Amino acid sequence: MSEDVLRLGPHTFRSRLFVGTGKYRDVAETRQALEASGAEVITVALRRVDLNERGAGSLMELVTSGRWQILPNTAGCYTADDAVRTLRLARELGLGELVKLEVIGDPRTLYPDNEQTLAATHVLVKEGFTVLPYCIDDPIVCRKLEEAGASAVMPLAAPIGSGLGIRNPYNLRIILEHAKVPVIVDAGVGTASDAAVAMELGCHGVLMNTAIAQAKEPLLMAEAMREAVSAGRKAFLAGRMPRRLYANASSPELGLLE
């Protein structure tokens, strides 16, 4: 397990849990939850924070402390142009080239606009960004994003913030079968068992925010998610036993005492 690392472009991480920084009660709780999660990568919604406010006690002061790898995201962008412009600004402000691309197509479901996401991926990859695009759990879309140069694909498990868990494990299995880049479940995880299922399927990581931030006890849930992702990864690497319709005795039947 010491050699089991996640590679995203030129970056290498040991934690496979990615955590958002929104929806907490205050910056102090955000810090505690991030620490409890063990995450190395944290996301920041560029359109929802003041990037220039880096004074003591601010969110930007926390996330730019150097403790975590920042993953700027384009939540709230509805066109490829807006997303590209936002990430260019983030890079100019020193937030780096590792980015989460999110182009929303519908304000109610927050489903991604596949066409605009693909267009933005092409532009950003050419400009040297390490692009992690949020997308629908569609194997064809994931294949096209990979072909466009995405360093990972991030299919949703369910709508953002819904907590519905893995709604289509079969699509995820198809995506995993064909993808040559990491597959990171993004959105829809509600509790620790959802994260474990994603990892047991073979996903390379899980990104979440609401599941931790809006739990009754966010710090405890952050710990639970950390353990669930780790356990799910180990179970996947170990290889589960085959499913059987009928019982199979745990003890050998040869040499039974009369």
# chains A, B, ... in the order shown; residues from 1 in each chain; ligands from 1
$ closest_atom_pairs --of "region 130-179 of chain A" --to "region 93-101 of chain A" --cutoff "12 Å" --atoms "only C-alpha atoms" --output "tab-separated table"
residue	atom	partner	partner_atom	distance
A:Thr130	CA	A:Leu98	CA	4.7
A:Val131	CA	A:Val99	CA	5.3
A:Leu132	CA	A:Lys100	CA	4.7
A:Pro133	CA	A:Leu101	CA	4.5
A:Tyr134	CA	A:Leu101	CA	6.0
A:Cys135	CA	A:Leu101	CA	9.0
A:Leu145	CA	A:Leu101	CA	11.1
A:Ala150	CA	A:Leu101	CA	9.8
A:Ser151	CA	A:Leu98	CA	9.4
A:Ala152	CA	A:Lys100	CA	9.8
A:Val153	CA	A:Lys100	CA	9.8
A:Met154	CA	A:Lys100	CA	8.9
A:Pro155	CA	A:Leu101	CA	11.8
$ write_last_selection --atoms "all heavy atoms" --output "PDB file, in the first residue's frame"
ATOM      1  N   THR A 130      -3.603  21.071 -16.198  1.00  0.00           N
ATOM      2  CA  THR A 130      -3.919  19.678 -15.881  1.00  0.00           C
ATOM      3  C   THR A 130      -5.401  19.658 -15.545  1.00  0.00           C
ATOM      4  O   THR A 130      -5.812  20.113 -14.478  1.00  0.00           O
ATOM      5  CB  THR A 130      -3.082  19.174 -14.690  1.00  0.00           C
ATOM      6  OG1 THR A 130      -1.696  19.277 -15.021  1.00  0.00           O
ATOM      7  CG2 THR A 130      -3.426  17.740 -14.350  1.00  0.00           C
ATOM      8  N   VAL A 131      -6.207  19.160 -16.466  1.00  0.00           N
ATOM      9  CA  VAL A 131      -7.659  19.345 -16.410  1.00  0.00           C
ATOM     10  C   VAL A 131      -8.366  18.109 -15.868  1.00  0.00           C
ATOM     11  O   VAL A 131      -8.186  16.997 -16.381  1.00  0.00           O
ATOM     12  CB  VAL A 131      -8.215  19.688 -17.809  1.00  0.00           C
ATOM     13  CG1 VAL A 131      -9.712  19.972 -17.733  1.00  0.00           C
ATOM     14  CG2 VAL A 131      -7.474  20.883 -18.412  1.00  0.00           C
ATOM     15  N   LEU A 132      -9.190  18.322 -14.848  1.00  0.00           N
ATOM     16  CA  LEU A 132     -10.048  17.282 -14.286  1.00  0.00           C
ATOM     17  C   LEU A 132     -11.491  17.718 -14.515  1.00  0.00           C
ATOM     18  O   LEU A 132     -12.032  18.517 -13.745  1.00  0.00           O
ATOM     19  CB  LEU A 132      -9.779  17.097 -12.791  1.00  0.00           C
ATOM     20  CG  LEU A 132      -8.317  17.030 -12.327  1.00  0.00           C
ATOM     21  CD1 LEU A 132      -8.258  16.791 -10.815  1.00  0.00           C
ATOM     22  CD2 LEU A 132      -7.549  15.942 -13.066  1.00  0.00           C
ATOM     23  N   PRO A 133     -12.147  17.233 -15.552  1.00  0.00           N
ATOM     24  CA  PRO A 133     -13.495  17.709 -15.873  1.00  0.00           C
ATOM     25  C   PRO A 133     -14.608  16.932 -15.162  1.00  0.00           C
ATOM     26  O   PRO A 133     -14.616  15.701 -15.159  1.00  0.00           O
ATOM     27  CB  PRO A 133     -13.585  17.529 -17.384  1.00  0.00           C
ATOM     28  CG  PRO A 133     -12.655  16.402 -17.678  1.00  0.00           C
ATOM     29  CD  PRO A 133     -11.593  16.394 -16.616  1.00  0.00           C
ATOM     30  N   TYR A 134     -15.532  17.681 -14.565  1.00  0.00           N
ATOM     31  CA  TYR A 134     -16.771  17.123 -14.017  1.00  0.00           C
ATOM     32  C   TYR A 134     -17.683  16.805 -15.187  1.00  0.00           C
ATOM     33  O   TYR A 134     -17.883  17.627 -16.081  1.00  0.00           O
ATOM     34  CB  TYR A 134     -17.401  18.157 -13.084  1.00  0.00           C
ATOM     35  CG  TYR A 134     -18.872  17.984 -12.793  1.00  0.00           C
ATOM     36  CD1 TYR A 134     -19.337  16.913 -12.034  1.00  0.00           C
ATOM     37  CD2 TYR A 134     -19.807  18.923 -13.244  1.00  0.00           C
ATOM     38  CE1 TYR A 134     -20.692  16.766 -11.748  1.00  0.00           C
ATOM     39  CE2 TYR A 134     -21.157  18.795 -12.956  1.00  0.00           C
ATOM     40  CZ  TYR A 134     -21.599  17.720 -12.209  1.00  0.00           C
ATOM     41  OH  TYR A 134     -22.933  17.580 -11.925  1.00  0.00           O
ATOM     42  N   CYS A 135     -18.241  15.581 -15.196  1.00  0.00           N
ATOM     43  CA  CYS A 135     -19.056  15.184 -16.348  1.00  0.00           C
ATOM     44  C   CYS A 135     -20.167  14.229 -15.918  1.00  0.00           C
ATOM     45  O   CYS A 135     -20.206  13.749 -14.789  1.00  0.00           O
ATOM     46  CB  CYS A 135     -18.182  14.524 -17.415  1.00  0.00           C
ATOM     47  SG  CYS A 135     -17.269  13.065 -16.843  1.00  0.00           S
ATOM     48  N   LEU A 145     -13.476  13.173 -23.461  1.00  0.00           N
ATOM     49  CA  LEU A 145     -12.690  14.054 -22.593  1.00  0.00           C
ATOM     50  C   LEU A 145     -11.261  13.542 -22.458  1.00  0.00           C
ATOM     51  O   LEU A 145     -10.304  14.314 -22.468  1.00  0.00           O
ATOM     52  CB  LEU A 145     -13.361  14.164 -21.224  1.00  0.00           C
ATOM     53  CG  LEU A 145     -14.657  14.972 -21.188  1.00  0.00           C
ATOM     54  CD1 LEU A 145     -15.381  14.760 -19.860  1.00  0.00           C
ATOM     55  CD2 LEU A 145     -14.373  16.458 -21.404  1.00  0.00           C
ATOM     56  N   ALA A 150      -7.742  15.335 -21.084  1.00  0.00           N
ATOM     57  CA  ALA A 150      -8.026  15.421 -19.653  1.00  0.00           C
ATOM     58  C   ALA A 150      -7.132  14.440 -18.893  1.00  0.00           C
ATOM     59  O   ALA A 150      -6.892  13.323 -19.344  1.00  0.00           O
ATOM     60  CB  ALA A 150      -9.496  15.114 -19.372  1.00  0.00           C
ATOM     61  N   SER A 151      -6.644  14.869 -17.731  1.00  0.00           N
ATOM     62  CA  SER A 151      -5.750  14.019 -16.923  1.00  0.00           C
ATOM     63  C   SER A 151      -6.528  13.055 -16.038  1.00  0.00           C
ATOM     64  O   SER A 151      -5.949  12.151 -15.436  1.00  0.00           O
ATOM     65  CB  SER A 151      -4.843  14.894 -16.059  1.00  0.00           C
ATOM     66  OG  SER A 151      -3.971  15.642 -16.875  1.00  0.00           O
ATOM     67  N   ALA A 152      -7.829  13.253 -15.950  1.00  0.00           N
ATOM     68  CA  ALA A 152      -8.741  12.349 -15.246  1.00  0.00           C
ATOM     69  C   ALA A 152     -10.136  12.697 -15.728  1.00  0.00           C
ATOM     70  O   ALA A 152     -10.351  13.749 -16.346  1.00  0.00           O
ATOM     71  CB  ALA A 152      -8.647  12.513 -13.733  1.00  0.00           C
ATOM     72  N   VAL A 153     -11.086  11.823 -15.467  1.00  0.00           N
ATOM     73  CA  VAL A 153     -12.492  12.149 -15.700  1.00  0.00           C
ATOM     74  C   VAL A 153     -13.211  12.050 -14.362  1.00  0.00           C
ATOM     75  O   VAL A 153     -12.869  11.217 -13.523  1.00  0.00           O
ATOM     76  CB  VAL A 153     -13.142  11.234 -16.755  1.00  0.00           C
ATOM     77  CG1 VAL A 153     -12.583  11.531 -18.130  1.00  0.00           C
ATOM     78  CG2 VAL A 153     -12.963   9.757 -16.413  1.00  0.00           C
ATOM     79  N   MET A 154     -14.213  12.918 -14.186  1.00  0.00           N
ATOM     80  CA  MET A 154     -14.891  12.995 -12.894  1.00  0.00           C
ATOM     81  C   MET A 154     -16.406  12.860 -13.073  1.00  0.00           C
ATOM     82  O   MET A 154     -17.152  13.844 -12.992  1.00  0.00           O
ATOM     83  CB  MET A 154     -14.541  14.318 -12.203  1.00  0.00           C
ATOM     84  CG  MET A 154     -13.045  14.518 -12.045  1.00  0.00           C
ATOM     85  SD  MET A 154     -12.623  16.046 -11.183  1.00  0.00           S
ATOM     86  CE  MET A 154     -13.018  15.598  -9.495  1.00  0.00           C
ATOM     87  N   PRO A 155     -16.872  11.635 -13.341  1.00  0.00           N
ATOM     88  CA  PRO A 155     -18.309  11.439 -13.522  1.00  0.00           C
ATOM     89  C   PRO A 155     -19.068  11.576 -12.208  1.00  0.00           C
ATOM     90  O   PRO A 155     -18.574  11.200 -11.146  1.00  0.00           O
ATOM     91  CB  PRO A 155     -18.394  10.009 -14.057  1.00  0.00           C
ATOM     92  CG  PRO A 155     -17.172   9.335 -13.524  1.00  0.00           C
ATOM     93  CD  PRO A 155     -16.103  10.386 -13.496  1.00  0.00           C
TER      94      PRO A 155
END
$ atom_distance --atom1 "CA of Asn171 (chain A)" --atom2 "CA of Val189 (chain A)"
15.9 Å
$ atom_distance --atom1 "CA of Asp113 (chain A)" --atom2 "CA of Ala195 (chain A)"
24.8 Å
$ closest_residue --among "A:Gly163, A:Gly105, A:Pro218, A:Gly38" --to "Leu17 (chain A)" --atoms "only C-alpha atoms"
A:Gly38
$ closest_residue --among "A:Gly22, A:Val103, A:Arg47, A:Val84" --to "Val63 (chain A)" --atoms "only C-alpha atoms"
A:Gly22
$ closest_residue --among "A:Cys203, A:Leu87, A:Ile136, A:Val181" --to "Val123 (chain A)" --atoms "only C-alpha atoms"
A:Leu87
$ select_by_dssp --residues "region 22-106 of chain A" --states "strand (DSSP E)" --output "ChimeraX atom specification"
/A:41-45,69-73,98-101
$ atom_distance --atom1 "CA of Ala187 (chain A)" --atom2 "CA of Ser162 (chain A)"
8.0 Å
$ residues_around --residues "Lys144 (chain A)" --least-positions-apart "4" --cutoff "8 Å" --atoms "only C-alpha atoms" --output "list of chain:residue names"
A:Leu118, A:Ile140, A:Ala148
$ write_last_selection --atoms "N, CA, C and O atoms" --output "PDB file, in the first residue's frame"
ATOM      1  N   LEU A 118     -16.381  19.809 -23.058  1.00  0.00           N
ATOM      2  CA  LEU A 118     -15.405  19.270 -24.004  1.00  0.00           C
ATOM      3  C   LEU A 118     -14.643  20.394 -24.707  1.00  0.00           C
ATOM      4  O   LEU A 118     -13.417  20.332 -24.861  1.00  0.00           O
ATOM      5  N   ILE A 140     -19.185   7.485 -23.211  1.00  0.00           N
ATOM      6  CA  ILE A 140     -18.772   8.147 -24.453  1.00  0.00           C
ATOM      7  C   ILE A 140     -18.206   9.524 -24.155  1.00  0.00           C
ATOM      8  O   ILE A 140     -17.165   9.923 -24.681  1.00  0.00           O
ATOM      9  N   ALA A 148      -9.403  14.330 -25.493  1.00  0.00           N
ATOM     10  CA  ALA A 148      -9.102  15.768 -25.553  1.00  0.00           C
ATOM     11  C   ALA A 148      -7.912  16.139 -24.685  1.00  0.00           C
ATOM     12  O   ALA A 148      -7.436  17.274 -24.735  1.00  0.00           O
TER      13      ALA A 148
END
